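Here's protein-v9.cif, which has mmCIF, C-alpha atoms:
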```cif
data_final
loop_
_atom_site.label_atom_id
_atom_site.label_comp_id
_atom_site.auth_asym_id
_atom_site.auth_seq_id
_atom_site.Cartn_x
_atom_site.Cartn_y
_atom_site.Cartn_z
CA MET O 40 -49.89 -92.54 -31.85
CA GLU O 41 -46.43 -92.64 -30.39
CA VAL O 42 -45.81 -92.68 -26.65
CA GLU O 43 -44.06 -89.28 -26.63
CA ALA O 44 -46.95 -87.63 -28.45
CA ALA O 45 -49.44 -89.13 -26.00
CA LYS O 46 -47.35 -87.83 -23.10
CA GLU O 47 -47.28 -84.33 -24.59
CA ILE O 48 -51.05 -84.31 -25.13
CA GLY O 49 -51.70 -85.72 -21.67
CA ALA O 50 -49.49 -83.11 -20.01
CA ALA O 51 -51.16 -80.32 -21.96
CA ILE O 52 -54.63 -81.51 -21.00
CA ALA O 53 -53.62 -81.92 -17.34
CA ILE O 54 -52.30 -78.39 -16.94
CA GLY O 55 -54.99 -76.87 -19.17
CA LEU O 56 -57.91 -78.32 -17.29
CA GLY O 57 -56.12 -77.98 -13.96
CA ALA O 58 -55.68 -74.24 -14.42
CA VAL O 59 -59.20 -73.44 -15.61
CA GLY O 60 -60.92 -74.23 -12.31
CA PRO O 61 -58.64 -72.18 -10.06
CA GLY O 62 -58.70 -69.32 -12.57
CA ILE O 63 -62.46 -69.14 -12.51
CA GLY O 64 -62.50 -69.60 -8.73
CA VAL O 65 -60.03 -66.78 -8.08
CA GLY O 66 -62.00 -64.47 -10.36
CA ILE O 67 -65.29 -65.18 -8.61
CA LEU O 68 -63.63 -64.92 -5.21
CA ALA O 69 -62.08 -61.53 -5.95
CA ALA O 70 -65.32 -60.19 -7.41
CA ARG O 71 -67.32 -61.24 -4.34
CA ALA O 72 -64.68 -59.81 -1.99
CA MET O 73 -64.72 -56.46 -3.78
CA GLU O 74 -68.51 -56.46 -3.62
CA ALA O 75 -68.41 -57.20 0.12
CA ILE O 76 -65.84 -54.45 0.74
CA GLY O 77 -68.00 -52.04 -1.23
CA ARG O 78 -70.99 -52.85 0.97
CA ASN O 79 -69.05 -52.78 4.26
CA PRO O 80 -65.77 -50.86 4.02
CA GLU O 81 -65.08 -51.22 7.76
CA ALA O 82 -64.69 -54.98 7.33
CA ALA O 83 -62.13 -54.62 4.53
CA PRO O 84 -59.12 -55.97 6.50
CA LYS O 85 -60.98 -59.14 7.55
CA ILE O 86 -62.39 -59.69 4.08
CA GLN O 87 -59.02 -59.10 2.44
CA ALA O 88 -57.24 -61.54 4.75
CA ALA O 89 -59.81 -64.25 4.08
CA MET O 90 -59.67 -63.54 0.35
CA ILE O 91 -55.87 -63.87 0.19
CA LEU O 92 -55.99 -67.14 2.13
CA ALA O 93 -58.68 -68.57 -0.15
CA ILE O 94 -56.77 -67.49 -3.27
CA ALA O 95 -53.67 -69.26 -1.97
CA PHE O 96 -55.65 -72.48 -1.50
CA ALA O 97 -57.16 -72.18 -4.99
CA GLU O 98 -53.76 -71.59 -6.55
CA ALA O 99 -52.43 -74.68 -4.78
CA ILE O 100 -54.77 -76.74 -6.96
CA ALA O 101 -53.16 -75.24 -10.07
CA ILE O 102 -49.72 -76.10 -8.71
CA TYR O 103 -50.86 -79.70 -8.16
CA ALA O 104 -52.00 -79.81 -11.80
CA LEU O 105 -48.60 -78.49 -12.88
CA VAL O 106 -46.84 -81.21 -10.88
CA VAL O 107 -49.05 -83.89 -12.46
CA ALA O 108 -48.36 -82.48 -15.93
CA LEU O 109 -44.60 -82.54 -15.29
CA ILE O 110 -44.79 -86.10 -14.00
CA ILE O 111 -46.70 -87.16 -17.12
CA LYS O 112 -44.22 -85.41 -19.39
CA PHE O 113 -40.95 -86.57 -17.84
CA VAL O 114 -41.68 -89.97 -16.30
#
```
So, in terms of structure tokens, how does the structure I just supplied come out?
Amino acid sequence: MEVEAAKEIGAAIAIGLGAVGPGIGVGILAARAMEAIGRNPEAAPKIQAAMILAIAFAEAIAIYALVVALIIKFV
């Protein structure tokens, strides 16, 4: 296999696997937050703020995977 082909495959695997975890995590997080708001609507602002913060941290992992994929592809 040529070096360029290996780089392409490596970058694809890096971003593919790196995006699966945060995607699942954000889905579970949002589902649990909606469930909590449904049980206790008065706490919605606190739950929503915590949910948005946690989603931002989860999405940061996907951005790290994107950076690694770009480094593999172009370096």
Translate the PyMOL selection byres ((chain O and resi 93-99) around 8), as applied to the file shown, into an explicit residue set as a ChimeraX atom specification.
/O:61,64-65,68,89-92,100-103
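For the pair CA of Ala104 in chain O and CA of Ile54 in chain O, the interatomic distance is 5.3 Å.
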Here is a test: counting all atoms listed in the file, which residue of O:Gly77, O:Gly49, O:Pro84, O:Gly60 is nearest to Leu109 in chain O?
O:Gly49
For the file shown, what are the residues hit by the PyMOL selection byres ((chain O and resi 46) around 12), laid out as a list in words?
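On this input, the PyMOL selection byres ((chain O and resi 46) around 12) captures Met40, Glu41, Val42, Glu43, Ala44, Ala45, Glu47, Ile48, Gly49, Ala50, Ala51, Ile52, Ala53, Val107, Ala108, Leu109, Ile110, Ile111, Lys112, Phe113 and Val114 of chain O.
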Nearest residue to Ala88 in chain O from the set O:Ala69, O:Leu56, O:Ile63, O:Leu105 (distances using all atoms listed in the file)
O:Ala69
Rounded to one decimal in Å, what is the spacing between CA of Ala70 in chain O and CA of Ala83 in chain O?
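Calculated distance between CA of Ala70 in chain O and CA of Ala83 in chain O is 13.6 Å.
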